[in-house]
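Trainee: One structure follows; several queries about it will come next.
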Amino acid sequence: MSWRRQRRFWLITAVATFVTLYVLRDMLLPFVAGMAIAYFLDPVADRLERMGTPRWLSTTCVLLFFLFCLILVLILLVPLIQSQVVQLVETLPRIVAWVNNTAIPTAEGLLTQLSPEDLERLRSAVGSYAGEVVGWLGTVLQSIVTGGVALFDVLTLLFITPIVAFYLLRDWDVMIGTIHGWLPRQHAATILDQVNEIDRTLAGFVRGQATVCLVLGLFYGVVLSVFGLNFGLVVGSIAGLLSFVPYVGSLVGFVSSVGIALVQYDTWTPVVVVVVIFLVGQAVEGNFLTPKLVGDKVGLHPVWVMFALLAGGSLFGFVGVLMAVPVAAVIGVLIRFALQQYLSSSYYSGPDSGPADEAWRP
């Protein structure tokens with residue numbers, strides 16, 4: 001088979017796979033979640049199997065322990081978060097009063113200092129952006145209700161995901177061996193090298209970033225609660241969870257905490273303390289947690305991760321968000337491999353290149 005026919009075959013296969021996933025995107029959530037669980041629990045099951053435990057038993061033990069830990073976390077956190085949500089609902093009248101008595105008069109006082117032309121431009125810009133934001137929020141909420149968090153989808157996620165995870169985890173090594181047998185023989189070694197690189201990149205990023213999210217969530221939640229900020233545990237948990245998207249978690253937590261502090265306290269000192277807490281958290285994350293736990297070796301730039309999450313959510317909804325990082329890791333590894341091939345080919349150096357052509361360095 002010629003190289004052109006091989007390229008056409010793999011291009012058609014890739015397009016057909018993408019179209020199939022796009023058509024079936026509304027039913028993929030439990031299968032994607034089950035595959036993710038099986039992928040991350042496979043090393044533990046392999047270790048138990050090497051110790052002499054049958055594969056089905058090691059799979060059962062690992063999965064039951066994972067579900068036990070998940071349920072334990074929910075049992076411990078849900079009552080605390082629920083109490084703070086109830087407190088938030090009870091505090092809403094005070095927040096509304098603060099907006100009416102403080103925020104709006106302050107904003108009106110600032111607006112009176114603007115010229116009529118500037119005020120009109122600001123009003124038109126705010127109206128335009130507000131319409132766009134409302135439309136975007138409506139689209140997002142509609143996609144959430146219809147594409148992943150409806151009651152039926154929640155039930156399928158709860159009941160089908162463990163079953164999918166069990167069978168995938170039990171047969172993981174068998175599936176990997178079968179797929180290995182399907183690889184084209186002349187390119188099998190190269191493909192396996194790239195697959196190993198994808199596995200290293202994905203595992204390093206997700207495990208490291210998950211640890212960063214856990215540490216930040218605990219830090220913000222505990223420190224804000226000890227400081228006495230209302231809803232500190234909820235805000236800290238949300239900030240830690242959203243930290244999987246670079247910079248988003250800290251920004252959301254910072255804005256929320258400062259807003260709550262402005263409503264809760266009558267002086268500026270507590271607001272400054274909240275700002276300092278998030279500055280310390282950002283400094284620890286940027287200078288210690290992310291370099292030590294994630295590092296640059298995984299090759300996933302924060303901008304590339306944010307783009308992948310937004311693109312995945314736009315194309316496939318909530319399932320796309322779950323698939324975004326793995327797909328970004330695959331694309332990143334393939335792009336680096338293609339770039340290496342290009343730099344070592346005559347397309348880059350030219351047929352008559354000499355030592356002088358390699359003298360320049362950026």
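Chain labels follow the order of the structure tokens: the first chain is A, the next B, and so on; residue numbering restarts at 1 in every chain, and ligands are counted from 1 in their shown order.
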Name all residues at most 10 Å from Ala261 in chain A (count only C-alpha atoms; drop same-chain ones fewer than 6 positions away) and give them as a PyMOL selection string.
Mentor: chain A and resi 228-230+255+267-275
Trainee: Please indicate the distance in Å from CA of Val62 in chain A to CA of Val44 in chain A, rounded to one decimal place.
Mentor: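 We find that CA of Val62 in chain A and CA of Val44 in chain A lie 7.2 Å from each other.
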Trainee: CA of Asp171 in chain A to CA of Thr211 in chain A: how many Å, to one decimal?
Mentor: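 Rounded to one decimal, the two atoms are 27.8 Å apart.
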Trainee: Identify, on the basis of only C-alpha atoms, every residue whose closest approach to Ser83 in chain A does not exceed 12 Å; exclude the query and any residue fewer than 6 positions from it along the same chain; express the result as a list in words.
Mentor: Leu77, Val89, Glu90, Asn230, Phe231, Gly232, Leu233 and Val234 of chain A
Trainee: Pull the alpha helix (DSSP H) assignments for range 197-293 of chain A out of DSSP run on the backbone, and list those residues as a ChimeraX atom specification.
Mentor: /A:197-227,232-242,248-264,269-284
Trainee: Near Val305 in chain A, within 8 Å and counting only C-alpha atoms, which residues show up once chain neighbours fewer than 4 positions away are dropped, as a list in words?
Mentor: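 Contacts, in chain order: Val245, Pro246, Leu300, His301, Leu309, Ala324, Val325 and Ala328 of chain A.
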Trainee: For range 46-49 of chain A, find every residue with an atom within 9 Å (counting only C-alpha atoms), except residues of its own chain fewer than 5 positions away, and show them as an MDAnalysis selection string.
Mentor: chainID A and resid 41 54:55 57:59 62 173
Trainee: Residues near Thr60 in chain A, anyone? I mean within 9 Å using only C-alpha atoms, not counting same-chain ones fewer than 4 positions away, as a short mmCIF file (atom, residue, chain, number, x, y, z; two decimals) with C-alpha atoms, in the first residue's frame.
Mentor:
```
data_model
loop_
_atom_site.label_atom_id
_atom_site.label_comp_id
_atom_site.auth_asym_id
_atom_site.auth_seq_id
_atom_site.Cartn_x
_atom_site.Cartn_y
_atom_site.Cartn_z
CA ARG A 55 -7.45 -9.82 37.92
CA TRP A 56 -11.19 -9.92 38.64
CA LEU A 64 -14.87 -0.79 45.75
CA PHE A 65 -12.15 1.10 47.63
CA PHE A 166 -15.37 -2.53 36.20
CA ARG A 170 -10.83 -5.98 34.32
#
```
